[in-house]
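Note: the block below is coords.cif and it holds mmCIF, C-alpha atoms.
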data_coords
loop_
_atom_site.label_atom_id
_atom_site.label_comp_id
_atom_site.auth_asym_id
_atom_site.auth_seq_id
_atom_site.Cartn_x
_atom_site.Cartn_y
_atom_site.Cartn_z
CA MET Q 592 70.79 106.21 79.65
CA GLU Q 593 69.31 104.98 82.88
CA ILE Q 594 68.95 101.41 81.58
CA GLU Q 595 72.53 101.38 80.41
CA HIS Q 596 73.62 102.70 83.76
CA HIS Q 597 71.98 99.76 85.54
CA ARG Q 598 73.50 97.22 83.17
CA GLN Q 599 77.00 98.58 83.62
CA PRO Q 600 77.85 97.12 87.07
CA GLU Q 601 77.57 93.51 85.90
CA LEU Q 602 79.95 94.06 83.01
CA GLN Q 603 82.27 96.20 85.09
CA SER Q 604 82.36 93.56 87.82
CA THR Q 605 83.47 90.94 85.32
CA ALA Q 606 86.14 93.24 83.92
CA THR Q 607 87.31 94.22 87.38
CA THR Q 608 87.67 90.56 88.36
CA ALA Q 609 89.68 89.86 85.23
CA THR Q 610 91.86 92.88 85.87
CA ALA Q 611 92.51 91.82 89.45
CA ALA Q 612 93.39 88.31 88.36
CA ALA Q 613 95.72 89.59 85.69
CA THR Q 614 97.56 91.95 87.98
CA GLU Q 615 97.60 89.77 91.11
CA PRO Q 616 101.29 88.80 90.93
CA THR Q 617 102.42 92.43 90.85
CA LYS Q 618 102.45 94.79 93.80
CA PRO Q 619 100.43 98.02 93.59
CA LEU Q 620 102.47 101.09 92.80
CA ASN Q 621 101.78 104.67 93.75
CA VAL Q 622 103.88 107.77 94.25
CA LYS Q 623 104.51 107.17 97.96
CA ARG Q 624 105.43 103.54 97.36
CA LEU Q 625 107.78 104.47 94.52
CA LEU Q 626 109.49 107.11 96.67
CA LEU Q 627 109.98 104.60 99.50
CA LEU Q 628 111.31 102.07 97.00
CA LEU Q 629 113.74 104.67 95.64
CA LEU Q 630 114.91 105.50 99.18
CA ASN Q 631 115.57 101.82 99.91
CA VAL Q 632 117.37 101.29 96.61
CA ILE Q 633 119.67 104.24 97.43
CA LEU Q 634 120.35 102.82 100.91
CA LEU Q 635 121.09 99.43 99.35
CA LEU Q 636 123.49 100.95 96.82
CA ILE Q 637 125.34 102.86 99.56
CA GLY Q 638 125.56 99.82 101.82
CA GLY Q 639 126.33 97.31 99.08
CA THR Q 640 129.19 99.44 97.76
CA GLY Q 641 130.60 100.85 101.01
CA SER Q 642 130.44 97.82 103.28
CA PRO Q 643 133.06 95.61 101.56
CA LEU Q 644 135.39 98.59 101.11
CA LEU Q 645 135.31 99.53 104.81
CA LEU Q 646 135.77 95.93 105.94
CA ARG Q 647 138.73 95.56 103.60
CA VAL Q 648 140.27 98.73 105.10
CA TYR Q 649 140.01 97.09 108.53
CA PHE Q 650 141.80 93.91 107.42
CA LEU Q 651 144.43 95.63 105.27
CA HIS Q 652 145.78 97.73 108.15
CA GLY Q 653 146.17 95.11 110.84
CA GLY Q 654 142.65 94.00 111.79
CA ASN Q 655 142.27 90.26 112.14
CA ARG Q 656 139.01 89.57 114.04
CA LYS Q 657 136.43 87.79 111.86
CA TRP Q 658 133.81 87.43 114.58
CA PHE Q 659 134.22 91.11 115.47
CA THR Q 660 133.64 92.27 111.89
CA SER Q 661 130.66 89.90 111.66
CA PHE Q 662 129.32 91.55 114.81
CA LEU Q 663 129.82 95.05 113.37
CA GLN Q 664 127.82 94.27 110.24
CA THR Q 665 124.55 94.17 112.21
CA ALA Q 666 125.48 96.05 115.40
CA GLY Q 667 124.01 99.27 114.00
CA PHE Q 668 120.40 98.15 114.54
CA PRO Q 669 119.89 100.52 117.56
CA PHE Q 670 120.06 103.43 115.08
CA LEU Q 671 116.61 102.30 113.88
CA LEU Q 672 115.02 102.79 117.31
CA PRO Q 673 114.67 106.63 117.14
CA PRO Q 674 112.76 106.49 113.80
CA LEU Q 675 110.56 103.74 115.27
CA LEU Q 676 109.87 105.87 118.34
CA PHE Q 677 109.03 108.86 116.14
CA SER Q 678 106.65 106.69 114.09
CA PHE Q 679 105.00 105.42 117.30
CA LEU Q 680 104.49 108.93 118.71
CA ARG Q 681 102.88 110.12 115.46
CA SER Q 682 100.47 107.18 115.14
CA PRO Q 683 97.36 106.43 117.24
CA ARG Q 684 98.41 102.83 117.94
CA ARG Q 685 98.87 101.69 121.54
CA HIS Q 686 101.67 99.15 121.03
CA PHE Q 687 105.22 100.16 120.20
CA PHE Q 688 105.85 96.98 118.18
CA LEU Q 689 103.50 95.82 115.43
CA MET Q 690 105.04 92.40 114.81
CA SER Q 691 102.96 89.25 115.03
CA PRO Q 692 104.43 86.13 116.72
CA PHE Q 693 104.94 84.59 113.27
CA LEU Q 694 106.91 87.59 112.04
CA LEU Q 695 108.95 87.68 115.26
CA LEU Q 696 109.99 84.02 115.06
CA SER Q 697 110.63 84.24 111.33
CA SER Q 698 112.81 87.35 111.79
CA ILE Q 699 114.82 85.57 114.51
CA PHE Q 700 115.45 82.68 112.12
CA ILE Q 701 116.51 85.09 109.35
CA GLY Q 702 118.74 86.83 111.91
CA LEU Q 703 120.58 83.59 112.66
CA LEU Q 704 121.14 82.96 108.94
CA THR Q 705 122.35 86.54 108.57
CA GLY Q 706 124.84 86.10 111.42
CA ILE Q 707 126.28 83.00 109.74
CA ASP Q 708 126.39 84.79 106.39
CA ASN Q 709 128.22 87.74 107.99
CA LEU Q 710 130.89 85.35 109.26
CA PHE Q 711 131.34 83.79 105.81
CA PHE Q 712 131.59 87.27 104.29
CA SER Q 713 134.16 88.40 106.88
CA TYR Q 714 136.39 85.41 106.10
CA GLY Q 715 136.09 86.10 102.37
CA ILE Q 716 136.85 89.82 102.56
CA SER Q 717 139.80 89.20 104.91
CA TYR Q 718 141.62 86.91 102.47
CA LEU Q 719 140.54 88.19 99.03
CA PRO Q 720 140.91 91.51 97.22
CA VAL Q 721 137.67 93.50 97.18
CA SER Q 722 137.42 93.23 93.41
CA THR Q 723 137.57 89.43 93.55
CA SER Q 724 135.17 89.01 96.48
CA SER Q 725 132.67 91.39 94.86
CA LEU Q 726 132.72 89.38 91.64
CA LEU Q 727 132.12 86.16 93.56
CA LEU Q 728 129.31 87.74 95.58
CA SER Q 729 127.58 88.77 92.35
CA THR Q 730 126.71 85.09 91.88
CA GLN Q 731 124.08 85.53 94.62
CA LEU Q 732 121.70 86.74 91.89
CA GLY Q 733 121.86 83.30 90.31
CA PHE Q 734 121.36 81.57 93.65
CA THR Q 735 118.48 83.93 94.40
CA ALA Q 736 116.82 82.88 91.15
CA VAL Q 737 117.17 79.19 91.98
CA PHE Q 738 115.91 79.51 95.56
CA ALA Q 739 113.12 81.86 94.49
CA PHE Q 740 111.93 79.18 92.06
CA PHE Q 741 111.47 76.69 94.91
CA ILE Q 742 110.47 79.03 97.76
CA VAL Q 743 108.22 81.71 96.21
CA LYS Q 744 107.45 79.90 92.93
CA GLN Q 745 109.29 82.44 90.80
CA LYS Q 746 109.17 80.98 87.29
CA PHE Q 747 112.34 80.39 85.32
CA THR Q 748 112.53 82.17 81.98
CA ALA Q 749 115.07 82.05 79.19
CA SER Q 750 116.60 85.29 80.46
CA SER Q 751 116.85 84.05 84.06
CA ILE Q 752 118.50 80.78 82.98
CA ASN Q 753 120.89 82.77 80.80
CA ALA Q 754 121.73 85.04 83.74
CA VAL Q 755 122.43 82.10 86.06
CA MET Q 756 124.74 80.50 83.49
CA LEU Q 757 126.64 83.74 82.82
CA LEU Q 758 127.13 84.48 86.51
CA THR Q 759 128.32 80.92 87.07
CA PHE Q 760 130.81 81.20 84.20
CA GLY Q 761 132.07 84.46 85.71
CA ALA Q 762 132.86 82.67 88.99
CA VAL Q 763 134.49 79.79 87.07
CA VAL Q 764 136.75 82.23 85.21
CA LEU Q 765 137.92 83.62 88.56
CA GLY Q 766 138.31 80.11 89.96
CA VAL Q 767 140.54 79.03 87.06
CA HIS Q 768 142.61 82.17 87.56
CA ALA Q 769 142.66 81.76 91.36
CA ASN Q 770 145.94 82.75 92.99
CA GLY Q 771 146.71 85.27 90.24
CA ASP Q 772 145.63 88.19 92.44
CA ARG Q 773 146.58 86.69 95.81
CA PRO Q 774 147.60 89.52 98.18
CA GLU Q 775 151.30 89.67 99.01
CA GLY Q 776 152.25 87.62 102.05
CA GLU Q 777 149.06 85.56 102.09
CA SER Q 778 149.19 81.78 101.89
CA GLN Q 779 147.52 79.81 99.12
CA SER Q 780 145.36 77.92 101.62
CA LYS Q 781 143.96 81.17 103.09
CA TYR Q 782 143.23 82.47 99.60
CA TYR Q 783 141.19 79.36 98.76
CA ILE Q 784 139.41 79.52 102.12
CA GLY Q 785 138.41 83.09 101.31
CA PHE Q 786 137.26 81.99 97.85
CA LEU Q 787 135.04 79.20 99.21
CA MET Q 788 133.71 81.29 102.10
CA THR Q 789 132.68 84.06 99.70
CA ILE Q 790 130.81 81.59 97.49
CA ALA Q 791 129.13 80.20 100.64
CA ALA Q 792 128.10 83.74 101.61
CA ALA Q 793 126.57 84.24 98.14
CA VAL Q 794 124.66 80.94 98.38
CA LEU Q 795 123.32 81.70 101.85
CA TYR Q 796 122.23 85.22 100.96
CA GLY Q 797 120.63 83.89 97.80
CA LEU Q 798 118.52 81.78 100.19
CA VAL Q 799 117.78 84.63 102.60
CA LEU Q 800 116.28 86.98 99.99
CA PRO Q 801 113.40 84.67 98.89
CA LEU Q 802 112.82 83.66 102.52
CA VAL Q 803 112.22 87.29 103.46
CA GLU Q 804 109.80 87.65 100.55
CA LEU Q 805 108.00 84.46 101.66
CA ILE Q 806 107.71 85.79 105.22
CA TYR Q 807 106.11 88.98 103.96
CA ALA Q 808 103.61 86.96 101.92
CA LYS Q 809 102.77 84.56 104.77
CA SER Q 810 102.49 87.20 107.49
CA LYS Q 811 98.96 88.26 106.41
CA MET Q 812 99.76 91.75 107.64
CA LYS Q 813 100.07 95.08 105.88
CA ILE Q 814 103.84 95.60 105.75
CA SER Q 815 104.33 99.27 106.54
CA TYR Q 816 107.74 100.92 106.61
CA SER Q 817 107.60 100.97 110.41
CA LEU Q 818 107.10 97.22 110.36
CA VAL Q 819 110.01 96.82 107.92
CA MET Q 820 112.25 98.65 110.43
CA GLU Q 821 110.95 96.46 113.27
CA ILE Q 822 111.80 93.35 111.27
CA GLN Q 823 115.29 94.69 110.64
CA VAL Q 824 115.74 95.47 114.36
CA VAL Q 825 114.93 91.85 115.26
CA ILE Q 826 117.15 90.48 112.47
CA GLY Q 827 119.98 92.78 113.54
CA LEU Q 828 119.59 91.98 117.24
CA THR Q 829 119.59 88.23 116.61
CA ALA Q 830 122.56 88.30 114.23
CA THR Q 831 124.51 90.57 116.59
CA ALA Q 832 123.79 88.34 119.59
CA PHE Q 833 124.89 85.28 117.60
CA CYS Q 834 128.17 86.96 116.64
CA ALA Q 835 128.67 88.26 120.20
CA VAL Q 836 128.66 84.66 121.42
CA GLY Q 837 131.31 83.85 118.84
CA MET Q 838 133.33 86.87 119.94
CA ALA Q 839 133.17 85.76 123.57
CA ILE Q 840 134.33 82.23 122.71
CA ASN Q 841 137.12 83.61 120.51
CA LYS Q 842 138.06 86.21 123.18
CA ASP Q 843 137.61 89.08 120.73
CA PHE Q 844 136.26 91.48 123.35
CA GLN Q 845 139.57 91.40 125.23
CA ALA Q 846 141.55 91.80 121.98
CA ILE Q 847 139.80 94.94 120.66
CA SER Q 848 141.72 97.42 122.81
CA ARG Q 849 145.06 95.75 122.05
CA GLU Q 850 144.30 95.61 118.34
CA SER Q 851 143.33 99.31 118.23
CA HIS Q 852 146.72 100.31 119.73
CA HIS Q 853 148.62 98.48 116.99
CA TYR Q 854 146.29 99.40 114.10
CA GLY Q 855 148.14 100.69 111.05
CA LEU Q 856 146.05 103.86 110.67
CA GLY Q 857 146.09 104.74 114.37
CA GLU Q 858 143.69 104.15 117.24
CA THR Q 859 141.29 106.99 116.38
CA LYS Q 860 140.85 105.86 112.78
CA TYR Q 861 140.43 102.29 114.00
CA TYR Q 862 137.30 103.25 115.90
CA MET Q 863 136.16 105.49 113.04
CA VAL Q 864 136.34 102.51 110.66
CA MET Q 865 134.31 100.47 113.17
CA PHE Q 866 131.68 103.19 113.57
CA PHE Q 867 131.15 103.82 109.87
CA THR Q 868 131.08 100.08 109.18
CA THR Q 869 128.08 99.70 111.49
CA ILE Q 870 126.30 102.67 109.85
CA ILE Q 871 126.96 101.64 106.25
CA THR Q 872 126.06 97.99 106.78
CA GLN Q 873 122.84 99.04 108.52
CA CYS Q 874 121.98 101.05 105.40
CA PHE Q 875 122.59 97.85 103.44
CA PHE Q 876 120.29 95.61 105.51
CA LEU Q 877 117.52 98.20 105.88
CA GLY Q 878 117.65 98.98 102.17
CA LEU Q 879 117.52 95.29 101.33
CA VAL Q 880 114.46 94.35 103.41
CA GLY Q 881 112.75 97.56 102.26
CA THR Q 882 113.46 96.85 98.59
CA ILE Q 883 112.07 93.33 98.94
CA ASN Q 884 108.93 94.70 100.62
CA TYR Q 885 108.23 97.42 98.06
CA SER Q 886 109.28 95.33 95.07
CA SER Q 887 110.75 91.81 95.22
CA ALA Q 888 113.76 89.71 96.17
CA LEU Q 889 114.67 89.82 92.49
CA LEU Q 890 115.11 93.60 92.47
CA GLY Q 891 117.17 93.34 95.65
CA GLY Q 892 119.47 90.88 93.90
CA ILE Q 893 119.71 93.11 90.83
CA ILE Q 894 120.67 96.17 92.89
CA LEU Q 895 123.35 94.14 94.66
CA ALA Q 896 124.70 93.09 91.27
CA ILE Q 897 124.71 96.73 90.13
CA CYS Q 898 127.01 97.50 93.09
CA LEU Q 899 129.64 95.27 91.45
CA PRO Q 900 131.16 97.68 88.90
CA ILE Q 901 131.03 100.56 91.41
CA THR Q 902 132.92 98.50 94.00
CA GLU Q 903 135.41 97.36 91.36
CA VAL Q 904 136.28 100.95 90.41
CA PHE Q 905 136.71 102.03 94.04
CA ALA Q 906 138.84 98.96 94.84
CA VAL Q 907 141.22 99.67 91.98
CA PHE Q 908 141.35 103.39 92.83
CA PHE Q 909 141.74 103.19 96.64
CA PHE Q 910 143.53 99.86 97.16
CA ARG Q 911 145.52 99.73 93.89
CA GLU Q 912 144.20 96.25 93.22
CA LYS Q 913 145.08 94.54 89.95
CA PHE Q 914 142.38 94.45 87.30
CA ASP Q 915 143.58 91.98 84.70
CA GLY Q 916 141.94 90.37 81.69
CA GLU Q 917 140.30 87.54 83.65
CA LYS Q 918 138.60 90.00 85.99
CA GLY Q 919 137.49 92.04 83.01
CA VAL Q 920 135.89 88.95 81.47
CA ALA Q 921 134.25 88.07 84.80
CA VAL Q 922 132.87 91.61 85.18
CA ALA Q 923 131.53 91.53 81.61
CA LEU Q 924 129.84 88.16 82.21
CA SER Q 925 128.35 89.38 85.51
CA LEU Q 926 126.99 92.59 83.98
CA TRP Q 927 125.69 90.64 80.97
CA GLY Q 928 123.93 88.19 83.27
CA THR Q 929 122.43 90.99 85.35
CA ALA Q 930 121.25 92.86 82.26
CA SER Q 931 119.73 89.65 80.89
CA TYR Q 932 117.83 89.06 84.12
CA PHE Q 933 116.60 92.65 84.25
CA TYR Q 934 115.54 92.59 80.59
CA GLY Q 935 113.57 89.40 81.12
CA GLU Q 936 111.76 90.84 84.13
CA TYR Q 937 111.01 94.04 82.21
CA ASN Q 938 109.44 92.02 79.40
CA ALA Q 939 107.40 90.04 81.94
CA TYR Q 940 106.17 93.29 83.46
CA ARG Q 941 105.16 94.62 80.02
CA ARG Q 942 103.27 91.41 79.24
CA SER Q 943 101.38 91.51 82.55
CA LYS Q 944 100.55 95.17 81.95
CA SER Q 945 99.29 94.34 78.45
CA VAL Q 946 97.06 91.58 79.85
CA ALA Q 947 95.69 93.99 82.44
CA MET Q 948 94.90 96.59 79.76
CA LYS Q 949 93.11 94.00 77.62
CA ALA Q 950 91.04 92.97 80.62
CA THR Q 951 89.75 96.55 80.98
CA LEU Q 952 88.66 96.80 77.32
CA PRO Q 953 84.99 95.85 77.97
CA VAL Q 954 84.66 98.76 80.35
CA SER Q 955 86.02 101.14 77.73
CA VAL Q 956 83.70 99.75 75.07
CA SER Q 957 80.71 100.10 77.37
CA ALA Q 958 81.67 103.64 78.25
CA SER Q 959 81.96 104.62 74.59
CA ALA Q 960 78.55 103.04 73.85
CA LYS Q 961 76.95 105.33 76.39
#

Represent the structure of the file as structure tokens.
Amino acid sequence: MEIEHHRQPELQSTATTATAAATEPTKPLNVKRLLLLLLNVILLLIGGTGSPLLLRVYFLHGGNRKWFTSFLQTAGFPFLLPPLLFSFLRSPRRHFFLMSPFLLLSSIFIGLLTGIDNLFFSYGISYLPVSTSSLLLSTQLGFTAVFAFFIVKQKFTASSINAVMLLTFGAVVLGVHANGDRPEGESQSKYYIGFLMTIAAAVLYGLVLPLVELIYAKSKMKISYSLVMEIQVVIGLTATAFCAVGMAINKDFQAISRESHHYGLGETKYYMVMFFTTIITQCFFLGLVGTINYSSALLGGIILAICLPITEVFAVFFFREKFDGEKGVAVALSLWGTASYFYGEYNAYRRSKSVAMKATLPVSVSASAK
């Protein structure tokens, strides 16, 4: 027994190395990590579903400030400061912020991209029905796959290619049918501007998701949840400052009070819509960066795509939007593409798990020999 005990480490070391190599691409999972992932997925679902609905309420009842709504989408970042302060008081660290210079500069860059994306999204949601803009935004999963291939070396699979093609066809179906659901009183040119701006927002956010994942990988730091909130604070501050400059140039600050007086739902509800927009969109951004940290940009894209049918149902129910055959086909193609992507990733996970289990077989054999 003693001899076998001394021989074991060499064999176990080899098996451990093989196991580590096999499981290197995946992130370690434990109960705490899974709970944090679940929390972020819930936040992302709430934000991804509620944000376009609230913004559409603003525009439907007399709101017309694109820079202002872009500003609101990230202006809720100060709500993250109390949790950060609580985390700081509970920990033994001396510094309030944990970010390295690399993470700080990278987050500022992501914040600028987010500010531009918010503006594109505001233009899209102001001119298009929520059901149409949500369908177009679902194409971000395909753009995420393409950018992830080049930025974080995410390999293309048959399922991912199938998903990209299906999501693209869904957007094409809507494009061919463009104008069919144009809101009453809106010009054709504005409708097409909204269409193109929404596609641009999907492309840009498809770029942002892999960039965030790359930043996490290159930071060489342990990404705790406190650090995730710090990153979101910097992204939110930068995007909000960018949009504030646009508001100042467009003289939106002076127009807010006047717009609130003439708002269709009344002044009080005007400010309520603004307040809840900042809260809900902050849930969206925090949930997104958290989901990427505890899983991947891919899962973030999948959750955003899952928001599609939920948003569609609410749009039809609350705004009485038309849901014709073309939209039904587009929804079916989008859900099919999302399911295809998810199924492919699930199979990849099972294969990696199978490889990891095979790598541990020598340890099991040795243990049984004893």

Next item on the list: Do a neighbour search on segment 708-715 of chain Q at 8 Å with only C-alpha atoms, toss out local chain neighbours closer than 5 positions, and write the hits as a PyMOL selection string.
Entry: chain Q and resi 646+657-658+660-662+664+724+784-789+791-792+795-796

Go through segment 651-758 of chain Q residue by residue and, counting only C-alpha atoms, keep those with an atom at most 8 Å from segment 912-935 of chain Q; for each kept residue give the shortest atom pair and its distance in Å to one decimal, ordered by chain and increasing number, as a Markdown table.
| residue | atom | partner | partner_atom | distance |
| --- | --- | --- | --- | --- |
| Q:Pro720 | CA | Q:Glu912 | CA | 7.0 |
| Q:Ser722 | CA | Q:Glu912 | CA | 7.4 |
| Q:Thr723 | CA | Q:Lys918 | CA | 7.7 |
| Q:Leu726 | CA | Q:Val922 | CA | 6.8 |
| Q:Ser729 | CA | Q:Ser925 | CA | 6.9 |
| Q:Thr730 | CA | Q:Ser925 | CA | 7.9 |
| Q:Leu732 | CA | Q:Thr929 | CA | 7.8 |
| Q:Thr748 | CA | Q:Gly935 | CA | 7.4 |
| Q:Ala749 | CA | Q:Gly935 | CA | 7.7 |
| Q:Ser750 | CA | Q:Gly935 | CA | 5.1 |
| Q:Ser751 | CA | Q:Tyr932 | CA | 5.1 |
| Q:Asn753 | CA | Q:Gly928 | CA | 6.7 |
| Q:Ala754 | CA | Q:Gly928 | CA | 3.9 |
| Q:Val755 | CA | Q:Gly928 | CA | 6.9 |
| Q:Met756 | CA | Q:Gly928 | CA | 7.7 |
| Q:Leu757 | CA | Q:Gly928 | CA | 5.2 |
| Q:Leu758 | CA | Q:Ser925 | CA | 5.1 |

Item checked: Interatomic distance (Å, one decimal) between atom CA of Val622 of chain Q and atom CA of Ile871 of chain Q ->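 Answer for the atom CA of Val622 of chain Q to atom CA of Ile871 of chain Q separation: 26.7 Å.
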
Next item on the list: Can you work out the spacing between atom CA of Gly653 of chain Q and atom CA of Tyr854 of chain Q in Å, to one decimal?
Entry: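 These two atoms are separated by 5.4 Å.
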
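If you look at atom CA of Leu818 of chain Q and atom CA of Lys623 of chain Q, they are 16.1 Å away from each other.
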
Next item on the list: For the file shown, report as a ChimeraX atom specification the outcome of the PyMOL selection byres ((chain Q and resi 690) around 10) at residue level.
Entry: /Q:686-689,691-696,698,810,812,814,817-819,821-822,825

7 Å contact set for Arg647 of chain Q, all atoms listed in the file, chain neighbours under 3 positions out, as a PDB file with C-alpha atoms, in the coordinates of the input:
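The result, stored in out19.pdb:
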ATOM      1  CA  PRO Q 643     133.060  95.610 101.560  1.00  0.00           C
ATOM      2  CA  LEU Q 644     135.390  98.590 101.110  1.00  0.00           C
ATOM      3  CA  PHE Q 650     141.800  93.910 107.420  1.00  0.00           C
ATOM      4  CA  LEU Q 651     144.430  95.630 105.270  1.00  0.00           C
ATOM      5  CA  ILE Q 716     136.850  89.820 102.560  1.00  0.00           C
ATOM      6  CA  SER Q 717     139.800  89.200 104.910  1.00  0.00           C
ATOM      7  CA  VAL Q 721     137.670  93.500  97.180  1.00  0.00           C
TER       8      VAL Q 721
END

Notebook entry, point to check: Using the chain letters and numbers from the file, which residues does the PyMOL selection byres ((chain Q and resi 816) around 12) grab, as a VMD selection string?
Noted result: chain Q and resid 623 to 624 626 to 628 630 to 631 671 674 to 675 678 to 679 689 813 to 815 817 to 823 877 to 878 880 to 885

Could you give me the centre and size, in Å to one decimal, of an axis-aligned box around all listed atoms of segment 648-655 of chain Q with 5 Å added on every side, as AutoDock Vina command-line options?
--center_x 143.1 --center_y 94.5 --center_z 108.6 --size_x 16.2 --size_y 18.5 --size_z 17.0

Margin query: the PyMOL selection byres ((chain Q and resi 835) around 10) - which residues does that actually catch in the file I just gave you? List them as a list in words.
Written below: Trp658, Phe659, Ser661, Phe662, Leu663, Ala666, Gly706, Thr829, Ala830, Thr831, Ala832, Phe833, Cys834, Val836, Gly837, Met838, Ala839, Ile840, Asn841, Asp843 and Phe844 of chain Q

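Residue nearest Ala808 of chain Q, chosen from Q:Ile742, Q:Val904, Q:Val864, Q:Ile870 and counting all atoms listed in the file: Q:Ile742.
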
Margin query: What's around Cys874 of chain Q at 7 Å? Count all atoms listed in the file, leave out sequence neighbours fewer than 5 positions away in its own chain, and write the answer as a list in words.
Written below: Leu634, Leu635, Ile637 and Gly638 of chain Q

Note to self: I need the residue nearest Gly702 of chain Q from this list: Q:Phe867, Q:Leu645, Q:Ser851, Q:Phe668. Use only C-alpha atoms for the distance.
What the structure shows: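 Once distances to Gly702 of chain Q are computed over only C-alpha atoms, the minimum belongs to Q:Phe668.
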
Checklist line | Residue with smallest distance to Ile752 of chain Q - pool Q:Gly892, Q:Gly733, Q:Gly654, Q:Gly855, counting only C-alpha atoms | finding: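 Checking each of Q:Gly892, Q:Gly733, Q:Gly654, Q:Gly855 against Ile752 of chain Q, counting only C-alpha atoms, the winner is Q:Gly733.
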
Notebook entry, point to check: Phe740 of chain Q: which residues within 12 Å, counting all atoms listed in the file, same-chain residues fewer than 2 positions away excluded, as a ChimeraX atom specification?
Noted result: /Q:733-738,742-748,751-752,797-798,800-802,805,888-889
